[in-house]
Amino acid sequence: MRVRTTVVAASTLVLCLAAAGCGPDGGEDKGAGKKATASRTPAASASAATPGSSATPASDGRTLTEAELAKVALTTGEVKGYEVAPLEGTDERGTEKAGTEACRPITAIINGSPEPAPAATVFRTAMDTAEEGKDDQTVVTEILTSHPKGGAQELLRSVREAVGACAGGFRTTSEDGPSTYTEVRTLPATRAGQESFAYQVTGSLEGVRVPLVFQLVRTGSTVVTFYAANFLGETAPEIPAALVTAQAAKLP
């Protein structure tokens with residue numbers, strides 16, 4: 001059994017989810033030479049569920065260009081203790097196809113290609129500088145996407161529905177072989193933007209449960225997808241609320 005997941009490795013997007021070496025069948029990793037960095041798994045805290053401002057932010061509803069998305073993306077210094085950088089290797093997107101159409105929206109995000117197809121996309125990584133050099137350094141990927149009218153709302157709606165429909169798990173296929181995810185569930189979400197939704201997908205790596213955590217935040221026609229994973233243990237990682245609220249505050 002092999003499982004595909006989107007792995008952040010040394011600021012490089014390594015799509016290693018049904019590739020040889022990513023599952024318990026072994027083999028050489030297609031991302032050889034790229035050291036995987038797992039997200040930290042801190043003790044349970046209220047931060048992931050702590051609401052931000054209760055006021056709904058205003059938005060001009062514009063569909064941003066790639067250059068405009070880059071300007072509103074977080075930068076180093078805007079969230080204390082986090083270094084933010086463009087994500088390299090973003091041309092390497094996943095090719096997973098869900099065995100059940102209802103699970104397609106989840107699979108699209110795992111591939112790094114949220115649907116409906118955005119008008120523009122920008123990738124960033126945020127790393128906890130206090131944990132630099134540690135195997136369990138916190139690394140959060142951000143995918144900023146802008147959408148034509150109605151597309152951003154459709155993205156959130158379709159993912160919510162997919163999480164409910166695919167709670168018992170799902171399978172995917174790709175040119176590298178089949179993948180299996182055993183569970184999908186909703187998580188408490190940091191309140192941010194005009195819509196915010198968080199969930200966990202559980203895969204496996206060499207027979208060990210691998211929790212993948214996602215949070216989507218929408219303001220107007222822009223969606224930010226946050227992603228973190230723990231490849232060193234079975235405890236779900238946390239996406240820091242400070243990153244979510246700071247990024248949401250920059251969305252027009």
# chains A, B, ... in the order shown; residues from 1 in each chain; ligands from 1
>>> closest_atom_pairs(of="range 124-208 of chain A", to="range 229-240 of chain A", cutoff="12 Å", atoms="only C-alpha atoms", output="tab-separated table")
residue	atom	partner	partner_atom	distance
A:Ala126	CA	A:Pro240	CA	10.1
A:Met127	CA	A:Pro240	CA	10.7
A:Asp128	CA	A:Pro240	CA	10.0
A:Lys134	CA	A:Leu232	CA	11.7
A:Asp135	CA	A:Leu232	CA	8.4
A:Asp136	CA	A:Leu232	CA	7.4
A:Gln137	CA	A:Asn230	CA	10.0
A:Thr138	CA	A:Pro237	CA	8.5
A:Val139	CA	A:Ala229	CA	8.3
A:Val140	CA	A:Ile239	CA	6.9
A:Thr141	CA	A:Ile239	CA	9.6
A:Glu142	CA	A:Ile239	CA	10.6
A:Arg185	CA	A:Ala236	CA	11.8
A:Leu187	CA	A:Glu238	CA	10.4
A:Pro188	CA	A:Glu238	CA	10.6
A:Ala189	CA	A:Ile239	CA	9.4
A:Thr190	CA	A:Pro240	CA	8.8
A:Ala198	CA	A:Ile239	CA	9.7
A:Tyr199	CA	A:Ala236	CA	10.6
A:Gln200	CA	A:Ala236	CA	8.0
A:Val201	CA	A:Ala229	CA	9.7
A:Thr202	CA	A:Ala236	CA	9.2
A:Gly203	CA	A:Glu234	CA	10.2
A:Ser204	CA	A:Phe231	CA	9.2
A:Leu205	CA	A:Phe231	CA	7.8
A:Glu206	CA	A:Phe231	CA	10.4
A:Gly207	CA	A:Glu234	CA	11.2
A:Val208	CA	A:Glu234	CA	7.5
>>> atom_distance(atom1="CA of Leu64 in chain A", atom2="CA of Glu195 in chain A")
17.8 Å
>>> residues_around(residues="Glu66 in chain A", least_positions_apart="5", cutoff="9 Å", atoms="only C-alpha atoms", output="mmCIF file with all heavy atoms, in the first residue's frame")
data_model
loop_
_atom_site.group_PDB
_atom_site.id
_atom_site.type_symbol
_atom_site.label_atom_id
_atom_site.label_comp_id
_atom_site.auth_asym_id
_atom_site.auth_seq_id
_atom_site.Cartn_x
_atom_site.Cartn_y
_atom_site.Cartn_z
ATOM 1 N N LYS A 71 2.281 40.308 -3.615
ATOM 2 C CA LYS A 71 2.365 41.486 -2.733
ATOM 3 C C LYS A 71 1.604 41.288 -1.429
ATOM 4 O O LYS A 71 1.979 41.859 -0.397
ATOM 5 C CB LYS A 71 1.823 42.716 -3.466
ATOM 6 C CG LYS A 71 2.749 43.249 -4.550
ATOM 7 C CD LYS A 71 2.167 44.494 -5.198
ATOM 8 C CE LYS A 71 3.094 45.042 -6.265
ATOM 9 N NZ LYS A 71 2.532 46.254 -6.922
ATOM 10 N N ALA A 119 -7.186 31.734 -11.142
ATOM 11 C CA ALA A 119 -6.656 32.633 -12.163
ATOM 12 C C ALA A 119 -5.159 32.858 -11.946
ATOM 13 O O ALA A 119 -4.413 33.110 -12.895
ATOM 14 C CB ALA A 119 -7.395 33.970 -12.112
ATOM 15 N N ALA A 120 -4.722 32.784 -10.686
ATOM 16 C CA ALA A 120 -3.310 32.959 -10.358
ATOM 17 C C ALA A 120 -3.014 32.225 -9.060
ATOM 18 O O ALA A 120 -3.907 32.028 -8.221
ATOM 19 C CB ALA A 120 -2.964 34.442 -10.208
ATOM 20 N N THR A 121 -1.750 31.782 -8.907
ATOM 21 C CA THR A 121 -1.336 31.020 -7.725
ATOM 22 C C THR A 121 0.042 31.468 -7.285
ATOM 23 O O THR A 121 0.929 31.695 -8.114
ATOM 24 C CB THR A 121 -1.294 29.505 -8.024
ATOM 25 O OG1 THR A 121 -2.551 29.082 -8.533
ATOM 26 C CG2 THR A 121 -0.968 28.718 -6.766
ATOM 27 N N VAL A 122 0.234 31.575 -5.961
ATOM 28 C CA VAL A 122 1.536 31.892 -5.381
ATOM 29 C C VAL A 122 1.759 30.951 -4.203
ATOM 30 O O VAL A 122 0.846 30.714 -3.411
ATOM 31 C CB VAL A 122 1.610 33.365 -4.915
ATOM 32 C CG1 VAL A 122 2.801 33.593 -3.993
ATOM 33 C CG2 VAL A 122 1.693 34.298 -6.114
ATOM 34 N N THR A 145 -4.402 31.547 -3.825
ATOM 35 C CA THR A 145 -5.043 31.456 -5.129
ATOM 36 C C THR A 145 -6.103 32.539 -5.275
ATOM 37 O O THR A 145 -6.816 32.863 -4.327
ATOM 38 C CB THR A 145 -5.709 30.075 -5.338
ATOM 39 O OG1 THR A 145 -6.589 29.792 -4.242
ATOM 40 C CG2 THR A 145 -4.664 28.975 -5.429
ATOM 41 N N SER A 146 -6.201 33.101 -6.480
ATOM 42 C CA SER A 146 -7.271 34.063 -6.788
ATOM 43 C C SER A 146 -8.183 33.427 -7.821
ATOM 44 O O SER A 146 -7.734 32.650 -8.668
ATOM 45 C CB SER A 146 -6.680 35.366 -7.323
ATOM 46 O OG SER A 146 -5.960 35.148 -8.520
#
>>> select_by_dssp(residues="range 69-99 of chain A", states="helix (DSSP H, G or I)", output="PyMOL selection string")
chain A and resi 69-72
